file protein22.cif (mmCIF, C-alpha atoms)
data_my_file
loop_
_atom_site.label_atom_id
_atom_site.label_comp_id
_atom_site.auth_asym_id
_atom_site.auth_seq_id
_atom_site.Cartn_x
_atom_site.Cartn_y
_atom_site.Cartn_z
CA MET A 1 23.00 -19.91 -7.06
CA SER A 2 19.75 -21.82 -6.74
CA ALA A 3 16.54 -20.26 -7.93
CA ASN A 4 14.89 -20.58 -4.54
CA ARG A 5 17.13 -17.95 -3.00
CA GLY A 6 14.48 -15.47 -4.05
CA SER A 7 11.59 -17.26 -2.41
CA VAL A 8 10.70 -18.25 1.12
CA LYS A 9 7.91 -20.35 2.52
CA ARG A 10 4.98 -18.54 4.12
CA GLY A 11 2.48 -21.12 5.26
CA SER A 12 1.61 -23.31 2.30
CA GLY A 13 2.86 -21.13 -0.53
CA ASN A 14 5.86 -19.16 -1.74
CA ARG A 15 5.89 -15.39 -2.01
CA ASP A 16 7.28 -13.20 -4.74
CA LEU A 17 9.80 -11.46 -2.53
CA ALA A 18 10.52 -8.83 -5.17
CA ILE A 19 6.97 -7.55 -4.67
CA ASP A 20 7.45 -7.58 -0.90
CA ALA A 21 10.78 -5.75 -1.15
CA THR A 22 9.21 -3.12 -3.39
CA ARG A 23 6.40 -2.65 -0.89
CA GLY A 24 9.05 -2.36 1.81
CA VAL A 25 10.62 0.50 -0.13
CA ALA A 26 7.18 2.15 -0.24
CA ILE A 27 6.93 1.90 3.56
CA TRP A 28 10.45 3.26 3.99
CA SER A 29 9.57 6.13 1.67
CA MET A 30 6.49 6.97 3.75
CA VAL A 31 8.37 6.77 7.03
CA THR A 32 11.22 9.00 5.89
CA ALA A 33 8.82 11.47 4.25
CA HIS A 34 6.80 11.80 7.46
CA PHE A 35 9.62 11.74 10.01
CA ALA A 36 12.79 12.85 8.19
CA THR A 37 11.68 15.26 5.47
CA ASP A 38 14.66 16.71 3.54
CA ALA A 39 17.12 14.71 5.67
CA PRO A 40 19.83 12.66 3.91
CA LEU A 41 18.11 9.45 5.00
CA ALA A 42 15.06 10.36 2.92
CA SER A 43 16.94 11.26 -0.25
CA PRO A 44 17.27 7.83 -1.95
CA THR A 45 13.55 7.08 -2.01
CA HIS A 46 12.61 10.63 -3.00
CA ALA A 47 15.18 11.15 -5.73
CA PHE A 48 12.63 10.63 -8.49
CA PRO A 49 10.46 13.75 -8.60
CA TYR A 50 6.75 13.29 -7.87
CA VAL A 51 6.96 9.59 -6.98
CA ASP A 52 6.45 8.66 -3.33
CA GLY A 53 5.47 5.81 -1.05
CA MET A 54 1.76 6.51 -1.32
CA SER A 55 1.81 6.07 -5.10
CA ALA A 56 3.70 2.81 -4.75
CA PHE A 57 1.40 1.60 -1.95
CA VAL A 58 -1.71 2.11 -4.10
CA MET A 59 -0.22 0.62 -7.25
CA LEU A 60 1.23 -2.46 -5.58
CA SER A 61 -2.01 -3.02 -3.68
CA GLY A 62 -3.85 -3.11 -6.99
CA ILE A 63 -1.36 -5.56 -8.51
CA VAL A 64 -1.50 -7.94 -5.55
CA LEU A 65 -5.29 -7.72 -5.41
CA GLY A 66 -5.61 -8.70 -9.06
CA LEU A 67 -2.95 -11.40 -8.82
CA VAL A 68 -4.49 -13.15 -5.81
CA TYR A 69 -8.18 -12.73 -6.54
CA GLN A 70 -7.83 -13.99 -10.11
CA ARG A 71 -6.80 -17.34 -8.64
CA TRP A 72 -9.56 -17.27 -6.07
CA VAL A 73 -12.25 -16.43 -8.62
CA ASN A 74 -11.06 -19.17 -10.97
CA ARG A 75 -10.78 -21.74 -8.20
CA TYR A 76 -13.67 -20.90 -5.87
CA GLY A 77 -15.93 -18.50 -7.75
CA LEU A 78 -17.02 -14.92 -7.32
CA ARG A 79 -18.96 -15.44 -4.12
CA PHE A 80 -15.88 -16.68 -2.26
CA ALA A 81 -13.84 -13.76 -3.59
CA TYR A 82 -16.56 -11.26 -2.64
CA VAL A 83 -16.67 -12.55 0.93
CA ARG A 84 -12.91 -12.25 1.27
CA LEU A 85 -12.95 -8.81 -0.32
CA ALA A 86 -15.64 -7.63 2.10
CA LYS A 87 -13.57 -8.89 5.04
CA ARG A 88 -10.52 -7.09 3.72
CA ILE A 89 -12.41 -3.82 3.40
CA ALA A 90 -13.70 -4.27 6.97
CA VAL A 91 -10.12 -4.69 8.17
CA LEU A 92 -9.09 -1.50 6.36
CA TYR A 93 -12.00 0.34 7.98
CA LEU A 94 -10.98 -0.83 11.45
CA CYS A 95 -7.37 0.18 10.82
CA GLN A 96 -8.42 3.66 9.69
CA LEU A 97 -10.75 3.91 12.69
CA LEU A 98 -7.86 3.05 15.03
CA ILE A 99 -5.67 5.75 13.49
CA ALA A 100 -8.51 8.28 13.78
CA LEU A 101 -9.24 7.48 17.43
CA VAL A 102 -5.57 7.87 18.35
CA ALA A 103 -5.65 11.29 16.67
CA VAL A 104 -8.83 12.24 18.56
CA ALA A 105 -7.18 11.28 21.86
CA ALA A 106 -4.16 13.41 21.01
CA ALA A 107 -6.36 16.37 20.01
CA LEU A 108 -8.36 16.22 23.23
CA GLU A 109 -5.11 16.19 25.21
CA GLY A 110 -4.02 19.45 23.59
CA HIS A 111 -1.98 18.12 20.67
CA ARG A 112 -4.35 18.89 17.80
CA TRP A 113 -1.51 20.54 15.85
CA LEU A 114 -0.14 17.07 15.17
CA THR A 115 -3.26 16.05 13.24
CA LEU A 116 -3.70 19.23 11.12
CA LEU A 117 -7.44 18.87 11.70
CA LEU A 118 -10.15 21.14 13.11
CA PRO A 119 -11.07 21.07 16.84
CA VAL A 120 -13.35 18.35 18.17
CA ASP A 121 -16.01 19.00 20.81
CA GLY A 122 -15.32 16.12 23.17
CA TRP A 123 -15.17 12.37 22.73
CA ALA A 124 -18.70 11.99 21.39
CA ASP A 125 -17.93 14.36 18.52
CA GLY A 126 -14.53 12.75 17.95
CA ILE A 127 -15.93 9.23 17.85
CA TRP A 128 -18.66 10.28 15.42
CA LEU A 129 -16.13 11.95 13.11
CA SER A 130 -13.90 8.87 13.32
CA VAL A 131 -16.66 6.34 12.65
CA THR A 132 -17.88 8.36 9.65
CA MET A 133 -14.31 8.53 8.27
CA GLN A 134 -14.03 12.32 8.52
CA TYR A 135 -11.26 12.53 11.13
CA LEU A 136 -8.29 11.65 8.95
CA PRO A 137 -4.99 12.89 10.40
CA SER A 138 -2.18 14.00 8.13
CA GLY A 139 -0.04 11.01 7.21
CA GLY A 140 -2.82 8.61 8.17
CA ASN A 141 -5.48 9.10 5.53
CA ILE A 142 -4.48 6.71 2.75
CA LEU A 143 -6.68 3.85 3.90
CA LEU A 144 -9.91 5.69 3.10
CA LEU A 145 -8.74 6.06 -0.50
CA TYR A 146 -7.68 2.42 -0.48
CA MET A 147 -11.11 1.35 0.80
CA VAL A 148 -12.93 3.26 -1.92
CA LEU A 149 -10.69 1.78 -4.60
CA MET A 150 -11.08 -1.72 -3.13
CA ILE A 151 -14.87 -1.37 -3.30
CA SER A 152 -14.54 -0.85 -7.05
CA ALA A 153 -13.21 -4.41 -7.26
CA PHE A 154 -16.73 -5.76 -6.73
CA ALA A 155 -17.54 -4.41 -10.20
CA LEU A 156 -14.14 -5.20 -11.72
CA PHE A 157 -13.97 -8.94 -10.97
CA PRO A 158 -16.96 -10.04 -13.10
CA LEU A 159 -15.67 -7.95 -16.00
CA LEU A 160 -12.18 -9.37 -15.66
CA GLN A 161 -13.61 -12.88 -15.41
CA ARG A 162 -15.19 -12.32 -18.83
CA GLY A 163 -11.90 -11.05 -20.27
CA TRP A 164 -13.06 -7.45 -20.63
CA TRP A 165 -9.85 -5.96 -19.24
CA ALA A 166 -9.37 -3.65 -22.25
CA TRP A 167 -12.72 -1.97 -21.54
CA ILE A 168 -11.73 -1.53 -17.90
CA VAL A 169 -8.44 0.14 -18.82
CA ALA A 170 -10.18 2.34 -21.40
CA ALA A 171 -12.77 3.43 -18.83
CA SER A 172 -10.04 4.12 -16.26
CA LEU A 173 -8.08 6.26 -18.73
CA ALA A 174 -11.25 8.12 -19.75
CA LEU A 175 -12.16 8.87 -16.12
CA TYR A 176 -8.61 10.05 -15.47
CA ALA A 177 -8.73 12.33 -18.51
CA VAL A 178 -12.02 13.80 -17.28
CA SER A 179 -10.49 14.43 -13.84
CA LEU A 180 -7.72 16.49 -15.43
CA VAL A 181 -10.16 19.00 -16.90
CA TRP A 182 -13.22 18.74 -14.63
CA SER A 183 -13.35 17.52 -11.05
CA PRO A 184 -16.56 18.24 -9.13
CA ASP A 185 -16.58 18.04 -5.34
CA TRP A 186 -17.88 14.47 -5.34
CA PHE A 187 -14.68 13.30 -7.03
CA TYR A 188 -12.80 14.12 -3.82
CA LEU A 189 -12.38 12.46 -0.46
CA SER A 190 -12.59 15.00 2.33
CA ALA A 191 -11.32 15.33 5.89
CA TYR A 192 -12.32 17.47 8.87
CA GLN A 193 -9.87 20.27 8.11
CA ALA A 194 -9.78 23.83 6.80
CA ALA A 195 -9.13 22.70 3.22
CA PRO A 196 -11.24 19.52 3.23
CA HIS A 197 -10.23 17.87 -0.07
CA ILE A 198 -7.46 15.29 0.43
CA GLN A 199 -7.52 13.03 -2.65
CA ASN A 200 -9.18 13.09 -6.05
CA VAL A 201 -10.41 9.51 -6.39
CA ALA A 202 -11.01 9.91 -10.13
CA GLY A 203 -7.36 10.89 -10.51
CA TRP A 204 -5.82 8.42 -8.06
CA GLN A 205 -7.71 5.45 -9.51
CA ILE A 206 -5.29 5.49 -12.44
CA MET A 207 -2.75 3.93 -10.06
CA PHE A 208 -5.11 1.21 -8.89
CA ILE A 209 -7.55 0.01 -11.55
CA PRO A 210 -5.01 -0.63 -14.37
CA SER A 211 -2.80 -2.27 -11.71
CA VAL A 212 -5.61 -4.68 -10.83
CA VAL A 213 -5.79 -5.57 -14.53
CA ILE A 214 -2.02 -6.15 -14.60
CA GLY A 215 -2.18 -8.33 -11.51
CA TRP A 216 -5.13 -10.29 -12.90
CA ASN A 217 -3.13 -11.08 -16.05
CA TRP A 218 0.20 -11.40 -14.21
CA THR A 219 0.88 -14.97 -15.28
CA ARG A 220 -0.86 -14.95 -18.66
CA TRP A 221 1.07 -11.85 -19.75
CA SER A 222 4.34 -13.11 -18.18
CA VAL A 223 4.77 -9.73 -16.48
CA PRO A 224 7.87 -10.66 -14.40
CA GLU A 225 9.62 -12.13 -17.44
CA PHE A 226 8.75 -9.05 -19.50
CA ILE A 227 10.29 -6.79 -16.86
CA ASP A 228 13.38 -9.03 -16.68
CA ARG A 229 13.80 -8.86 -20.45
CA TRP A 230 13.41 -5.10 -20.70
CA LEU A 231 14.86 -4.07 -17.35
CA ILE A 232 17.77 -2.07 -18.76
CA VAL A 233 15.42 -0.14 -21.02
CA ILE A 234 12.91 0.45 -18.21
CA VAL A 235 15.62 1.75 -15.88
CA ALA A 236 17.13 3.93 -18.62
CA VAL A 237 13.76 5.48 -19.47
CA ALA A 238 12.98 6.01 -15.78
CA VAL A 239 16.29 7.80 -15.21
CA THR A 240 15.79 9.94 -18.31
CA VAL A 241 12.30 10.95 -17.23
CA ALA A 242 13.54 11.67 -13.70
CA LEU A 243 16.22 14.01 -15.05
CA PHE A 244 13.68 15.75 -17.27
CA PHE A 245 11.24 16.24 -14.39
CA HIS A 246 13.97 17.53 -12.08
CA TYR A 247 15.86 19.84 -14.42
CA GLY A 248 12.90 20.80 -16.53
CA VAL A 249 10.02 21.16 -14.08
CA ASP A 250 10.95 20.69 -10.42
CA ALA A 251 13.92 23.06 -10.51
CA GLY A 252 13.94 24.18 -14.12
CA PRO A 253 12.49 26.61 -16.63
CA TRP A 254 9.03 25.02 -16.60
CA ALA A 255 8.52 25.19 -12.85
CA HIS A 256 5.38 27.28 -13.44
CA LEU A 257 3.79 24.18 -15.01
CA GLU A 258 4.26 22.05 -11.89
CA PRO A 259 0.73 22.51 -10.45
CA ALA A 260 -0.82 21.52 -13.77
CA ILE A 261 1.30 18.42 -14.40
CA ALA A 262 2.48 17.23 -10.97
CA ASP A 263 -0.13 18.15 -8.34
CA LYS A 264 -0.54 15.35 -5.77
CA LEU A 265 -4.12 16.09 -4.68
CA ASP A 266 -5.44 15.54 -8.23
CA PHE A 267 -2.66 13.11 -9.15
CA ARG A 268 -1.52 14.83 -12.31
CA PRO A 269 0.26 13.04 -15.21
CA ALA A 270 3.86 13.49 -14.03
CA ARG A 271 3.04 11.43 -10.95
CA ALA A 272 1.32 8.68 -12.90
CA ILE A 273 4.08 8.48 -15.53
CA GLY A 274 6.79 8.45 -12.89
CA ALA A 275 5.13 5.75 -10.79
CA TYR A 276 4.51 3.44 -13.75
CA LEU A 277 8.22 3.68 -14.58
CA VAL A 278 9.86 3.64 -11.15
CA ILE A 279 7.88 0.83 -9.53
CA PRO A 280 8.47 -1.76 -12.31
CA ALA A 281 12.14 -0.71 -12.37
CA LEU A 282 12.47 -1.28 -8.62
CA TYR A 283 10.66 -4.60 -8.86
CA GLY A 284 12.94 -5.71 -11.70
CA VAL A 285 16.08 -4.69 -9.81
CA PHE A 286 14.95 -6.66 -6.76
CA ARG A 287 14.27 -9.71 -8.92
CA LEU A 288 17.79 -9.39 -10.28
CA LEU A 289 19.32 -9.05 -6.82
CA LEU A 290 17.34 -11.98 -5.45
CA ARG A 291 18.88 -14.25 -8.10
CA TRP A 292 22.28 -13.66 -6.56
CA TRP A 293 21.62 -12.67 -2.96
CA HIS A 294 20.02 -14.62 -0.20
CA HIS A 295 16.69 -13.01 0.65
CA ASP A 296 17.89 -12.19 4.17
CA TRP A 297 20.08 -9.45 2.72
CA LEU A 298 16.82 -7.66 1.93
CA ARG A 299 14.97 -8.91 4.99
CA PRO A 300 14.05 -5.50 6.52
CA LEU A 301 12.35 -4.46 3.28
CA VAL A 302 10.84 -7.88 2.59
CA MET A 303 9.36 -8.30 6.06
CA THR A 304 7.91 -4.79 6.31
CA GLY A 305 6.57 -5.21 2.80
CA THR A 306 5.01 -8.52 3.80
CA ARG A 307 3.08 -6.63 6.49
CA SER A 308 2.67 -3.38 4.59
CA LEU A 309 -0.76 -2.62 6.07
CA ASP A 310 0.51 -3.17 9.62
CA SER A 311 3.57 -1.03 8.85
CA TYR A 312 1.41 1.77 7.51
CA VAL A 313 -0.78 1.77 10.62
CA ILE A 314 2.28 1.74 12.90
CA GLN A 315 3.87 4.75 11.19
CA ALA A 316 0.56 6.64 11.14
CA ILE A 317 0.09 6.16 14.89
CA ALA A 318 3.76 6.98 15.50
CA LEU A 319 3.25 10.33 13.76
CA VAL A 320 0.98 11.27 16.65
CA VAL A 321 2.58 9.36 19.53
CA VAL A 322 6.31 9.99 18.97
CA PRO A 323 6.23 13.83 19.14
CA ILE A 324 4.18 13.62 22.35
CA HIS A 325 5.97 10.88 24.30
CA ILE A 326 9.42 10.37 22.78
CA ALA A 327 10.88 13.42 21.00
CA HIS A 328 9.17 16.81 20.96
CA ARG A 329 9.20 18.75 17.72
CA PRO A 330 10.85 20.66 16.11
CA TRP A 331 13.57 18.11 15.35
CA ASP A 332 17.08 18.67 14.08
CA THR A 333 18.38 16.53 11.23
CA LEU A 334 19.97 13.93 13.50
CA THR A 335 16.80 13.49 15.55
CA MET A 336 14.63 13.22 12.45
CA GLN A 337 16.76 10.42 11.08
CA ALA A 338 16.93 8.62 14.43
CA VAL A 339 13.14 8.74 14.79
CA ALA A 340 12.65 7.49 11.21
CA LEU A 341 14.99 4.56 11.87
CA LEU A 342 13.20 3.81 15.15
CA VAL A 343 9.75 3.79 13.53
CA PHE A 344 10.92 1.59 10.65
CA ALA A 345 12.60 -0.75 13.14
CA VAL A 346 9.30 -1.10 15.02
CA CYS A 347 7.54 -1.96 11.73
CA TRP A 348 10.19 -4.57 11.00
CA ALA A 349 10.10 -6.00 14.53
CA TRP A 350 6.31 -6.35 14.40
CA ALA A 351 6.52 -8.15 11.05
CA GLU A 352 9.14 -10.53 12.45
CA PHE A 353 7.02 -11.14 15.55
CA ARG A 354 4.01 -12.12 13.43
CA TYR A 355 6.18 -14.38 11.29
CA PHE A 356 7.85 -16.24 14.15
CA MET A 357 4.57 -16.51 16.10
CA HIS A 358 2.84 -17.85 12.94
CA ILE A 359 0.19 -15.12 13.14
CA ASP A 360 -0.94 -15.02 9.53
CA LYS A 361 -4.20 -13.20 10.29
CA LEU A 362 -4.73 -11.12 13.42
CA HIS A 363 -8.43 -12.02 13.54
CA LYS A 364 -7.42 -15.68 14.00
CA VAL A 365 -5.61 -14.97 17.29
CA PRO A 366 -8.77 -15.17 19.48
CA GLY A 367 -9.63 -18.51 17.89
CA ARG A 368 -6.19 -19.90 18.58
CA MET A 369 -6.40 -18.70 22.17
CA ALA A 370 -9.79 -20.38 22.45
CA GLN A 371 -8.28 -23.64 21.22
CA ARG A 372 -5.83 -23.56 24.11
CA ILE A 373 -8.34 -22.53 26.75
CA LEU A 374 -11.72 -24.02 25.86
CA PRO A 375 -12.59 -27.72 25.96
CA ASP A 376 -12.10 -29.62 22.72
CA ARG A 377 -15.83 -30.13 22.19
CA VAL A 378 -16.44 -26.36 22.29
CA VAL A 379 -13.67 -25.66 19.81
CA ALA A 380 -14.90 -28.44 17.56
CA SER A 381 -18.31 -26.80 17.39
CA MET A 382 -16.87 -23.54 16.07
CA PRO A 383 -17.26 -22.81 12.34
CA PRO A 384 -14.19 -23.70 10.28
CA GLY A 385 -11.83 -21.02 9.03
CA PRO A 386 -10.65 -20.51 5.44
CA GLU A 387 -9.38 -23.56 3.63
CA PRO A 388 -5.66 -24.10 4.28
CA GLY A 389 -3.46 -23.29 1.34
CA VAL A 390 -5.60 -20.50 -0.07
CA PRO A 391 -3.43 -17.42 -0.60
CA THR A 392 -4.57 -14.06 0.73
CA PRO A 393 -3.89 -10.54 -0.59
CA GLU A 394 -0.91 -10.55 1.77
CA GLN A 395 0.28 -13.87 0.26
CA PRO A 396 0.82 -13.72 -3.50
CA GLN A 397 1.91 -16.95 -5.09
CA PRO A 398 5.38 -17.28 -6.63
CA THR A 399 6.10 -15.85 -10.03
CA GLY A 400 8.80 -16.22 -12.63
CA ALA A 401 12.18 -17.41 -11.41
CA HIS A 402 11.06 -17.33 -7.79
CA ALA A 403 8.66 -20.22 -8.13
#
call {"tool": "encode", "arguments": {"input": "protein22.cif", "output": "structure tokens"}}
result
Amino acid sequence: MSANRGSVKRGSGNRDLAIDATRGVAIWSMVTAHFATDAPLASPTHAFPYVDGMSAFVMLSGIVLGLVYQRWVNRYGLRFAYVRLAKRIAVLYLCQLLIALVAVAAALEGHRWLTLLLPVDGWADGIWLSVTMQYLPSGGNILLLYMVLMISAFALFPLLQRGWWAWIVAASLALYAVSLVWSPDWFYLSAYQAAPHIQNVAGWQIMFIPSVVIGWNWTRWSVPEFIDRWLIVIVAVAVTVALFFHYGVDAGPWAHLEPAIADKLDFRPARAIGAYLVIPALYGVFRLLLRWWHHDWLRPLVMTGTRSLDSYVIQAIALVVVPIHIAHRPWDTLTMQAVALLVFAVCWAWAEFRYFMHIDKLHKVPGRMAQRILPDRVVASMPPGPEPGVPTPEQPQPTGAHA
């Protein structure tokens, strides 16, 4: 088999499809957790206790951020990277705002139970809560955490540029240790609900900041090759830890320790340990499969992973829209699984649509429409877009055997 089975052209560069496939698994995990809880369809991606799609989403976002921006900083400098980072954060804000406004509309139509949030006093109140990032519906609140973590990259990049990654990791571990014993209110993100705390940023950052460091040093440390070399050991350790968590804590004699070691709100150690084992194992398995399989065998995962942000927004909106317009809750097992498959299929179809329509960035669509409608002299006077060939956080360059 040729080495390029595991890579496919996206614009001017190749992608590491093992990363995309792993992100696709994260999306599938979120979709099945939100739409098919405890159904057989959800079992494979929730077999490892305390590891879920949200953990994978945050970790992989950190890796891709470090991987891509390291090249941008080295090639174009910090200012270029900062501008792109600011644009990315603005996109995340708009996506979270869209999710919030859909939830407000549902609440004002009498479906507030779908959001798990407090009542809103009309559209003015709902818009204000949405704009200020307080109206965060259940299943649609990850992007606020992601935005906060992305903002930290403004401070991380200069330190990484100077090679101070060890200090960054040490500071991240120290902050995480502090969060385990002392977490004041300002450590938490809050939503407009009865129990306002939704994520402990000081705890959750342990999935993001070290991952940015890993991504930044992806090539220099030969991370893919390391995972290839030690894949059997990584998988074996992951399985062993999974069995320990399940039979020892989740359903075992130490179940009383679960809040202290596995709480999701504060992101306790069992979740961090599990994620840092499972996600590299999945990535390594996909690299192995892509050496022997054509990438189209994994296309649903690869394509949804390619558009992981779009997929997340789609499933978050579907959490509100589907129970109102398609299938009223409560759902039986068959309905849950059918809805989960439908939502994932929509995510996949949207990713395919963007690929075949060559829509790399949604904000470029108005410009392309203008090129078709406006006279050439008007289009020519418009400011140029990003330089062709520059990868984006959605377009990591090839790594390892997939180059």
call {"tool": "closest_atom_pairs", "arguments": {"input": "protein22.cif", "of": "range 107-210 of chain A", "to": "range 65-77 of chain A", "cutoff": "9 Å", "atoms": "only C-alpha atoms", "output": "CSV"}}
result
residue,atom,partner,partner_atom,distance
A:Met150,CA,A:Leu65,CA,8.6
A:Ala153,CA,A:Leu65,CA,8.8
A:Phe157,CA,A:Gln70,CA,8.0
A:Leu160,CA,A:Gln70,CA,8.4
A:Gln161,CA,A:Val73,CA,7.8
call {"tool": "resolve_selection", "arguments": {"input": "protein22.cif", "expression": "the PyMOL selection byres ((chain A and resi 146) around 12)", "output": "PyMOL selection string"}}
result
chain A and resi 54-55+57-62+65+88-93+95-96+140-145+147-153+189+199+201+204-205+207-209+309
call {"tool": "atom_distance", "arguments": {"input": "protein22.cif", "atom1": "CA of Lys361 in chain A", "atom2": "CA of Gly305 in chain A"}}
result
15.4 Å
call {"tool": "resolve_selection", "arguments": {"input": "protein22.cif", "expression": "the PyMOL selection byres ((chain A and resi 192-194) around 8)", "output": "list in words"}}
result
Leu116, Leu117, Leu118, Leu129, Gln134, Tyr135, Leu136, Ser190, Ala191, Ala195 and Pro196 of chain A
call {"tool": "atom_distance", "arguments": {"input": "protein22.cif", "atom1": "CA of Asp266 in chain A", "atom2": "CA of Asn200 in chain A"}}
result
5.0 Å
call {"tool": "resolve_selection", "arguments": {"input": "protein22.cif", "expression": "the PyMOL selection byres ((chain A and resi 114) around 9)", "output": "list of chain:residue names"}}
result
A:Ala103, A:Ala106, A:Ala107, A:His111, A:Arg112, A:Trp113, A:Thr115, A:Leu116, A:Leu117, A:Pro137, A:Ser138, A:Leu319, A:Val320, A:Pro323
call {"tool": "closest_atom_pairs", "arguments": {"input": "protein22.cif", "of": "range 267-351 of chain A", "to": "range 236-250 of chain A", "cutoff": "9 Å", "atoms": "all atoms listed in the file", "output": "CSV"}}
result
residue,atom,partner,partner_atom,distance
A:Ala270,CA,A:Phe245,CA,7.9
A:Ile273,CA,A:Val241,CA,8.7
A:Gly274,CA,A:Ala238,CA,7.3
A:Leu277,CA,A:Ala238,CA,5.4
A:Val278,CA,A:Ala238,CA,6.1
A:Ala281,CA,A:Ala238,CA,7.6
call {"tool": "write_last_selection", "arguments": {"input": "protein22.cif", "atoms": "C-alpha atoms", "output": "PDB file, keeping the file's coordinate frame"}}
result
ATOM      1  CA  ALA A 270       3.860  13.490 -14.030  1.00  0.00           C
ATOM      2  CA  ILE A 273       4.080   8.480 -15.530  1.00  0.00           C
ATOM      3  CA  GLY A 274       6.790   8.450 -12.890  1.00  0.00           C
ATOM      4  CA  LEU A 277       8.220   3.680 -14.580  1.00  0.00           C
ATOM      5  CA  VAL A 278       9.860   3.640 -11.150  1.00  0.00           C
ATOM      6  CA  ALA A 281      12.140  -0.710 -12.370  1.00  0.00           C
TER       7      ALA A 281
END
call {"tool": "axis_aligned_box", "arguments": {"input": "protein22.cif", "around": "range 155-164 of chain A", "padding_each_side": "4 Å", "output": "AutoDock Vina command-line options"}}
result
--center_x -14.7 --center_y -8.6 --center_z -15.4 --size_x 13.6 --size_y 16.5 --size_z 18.4
call {"tool": "closest_atom_pairs", "arguments": {"input": "protein22.cif", "of": "range 3-118 of chain A", "to": "range 258-264 of chain A", "cutoff": "10 Å", "atoms": "all atoms listed in the file", "output": "Markdown table"}}
result
| residue | atom | partner | partner_atom | distance |
| --- | --- | --- | --- | --- |
| A:Pro49 | CA | A:Ala262 | CA | 9.0 |
| A:Tyr50 | CA | A:Ala262 | CA | 6.6 |
| A:Val51 | CA | A:Lys264 | CA | 9.5 |
| A:Asp52 | CA | A:Lys264 | CA | 10.0 |
| A:Ser55 | CA | A:Lys264 | CA | 9.6 |
call {"tool": "write_last_selection", "arguments": {"input": "protein22.cif", "atoms": "C-alpha atoms", "output": "PDB file, in the frame of the given file"}}
result
ATOM      1  CA  PRO A  49      10.460  13.750  -8.600  1.00  0.00           C
ATOM      2  CA  TYR A  50       6.750  13.290  -7.870  1.00  0.00           C
ATOM      3  CA  VAL A  51       6.960   9.590  -6.980  1.00  0.00           C
ATOM      4  CA  ASP A  52       6.450   8.660  -3.330  1.00  0.00           C
ATOM      5  CA  SER A  55       1.810   6.070  -5.100  1.00  0.00           C
TER       6      SER A  55
END
call {"tool": "residues_around", "arguments": {"input": "protein22.cif", "residues": "Gly163 in chain A", "least_positions_apart": "4", "cutoff": "12 Å", "atoms": "only C-alpha atoms", "output": "ChimeraX atom specification"}}
result
/A:70,156-159,167-169,213,216-217,220
call {"tool": "atom_distance", "arguments": {"input": "protein22.cif", "atom1": "CA of Ala18 in chain A", "atom2": "CA of Ala56 in chain A"}}
result
13.5 Å
call {"tool": "closest_residue", "arguments": {"input": "protein22.cif", "among": "A:Trp350, A:Phe267, A:Tyr355, A:Tyr312", "to": "Ser179 in chain A", "atoms": "only C-alpha atoms"}}
result
A:Phe267
call {"tool": "residues_around", "arguments": {"input": "protein22.cif", "residues": "range 222-230 of chain A", "least_positions_apart": "2", "cutoff": "12 Å", "atoms": "all atoms listed in the file", "output": "PyMOL selection string"}}
result
chain A and resi 16+18-19+63+67+211+213-220+232-237+277-289+291+398-403
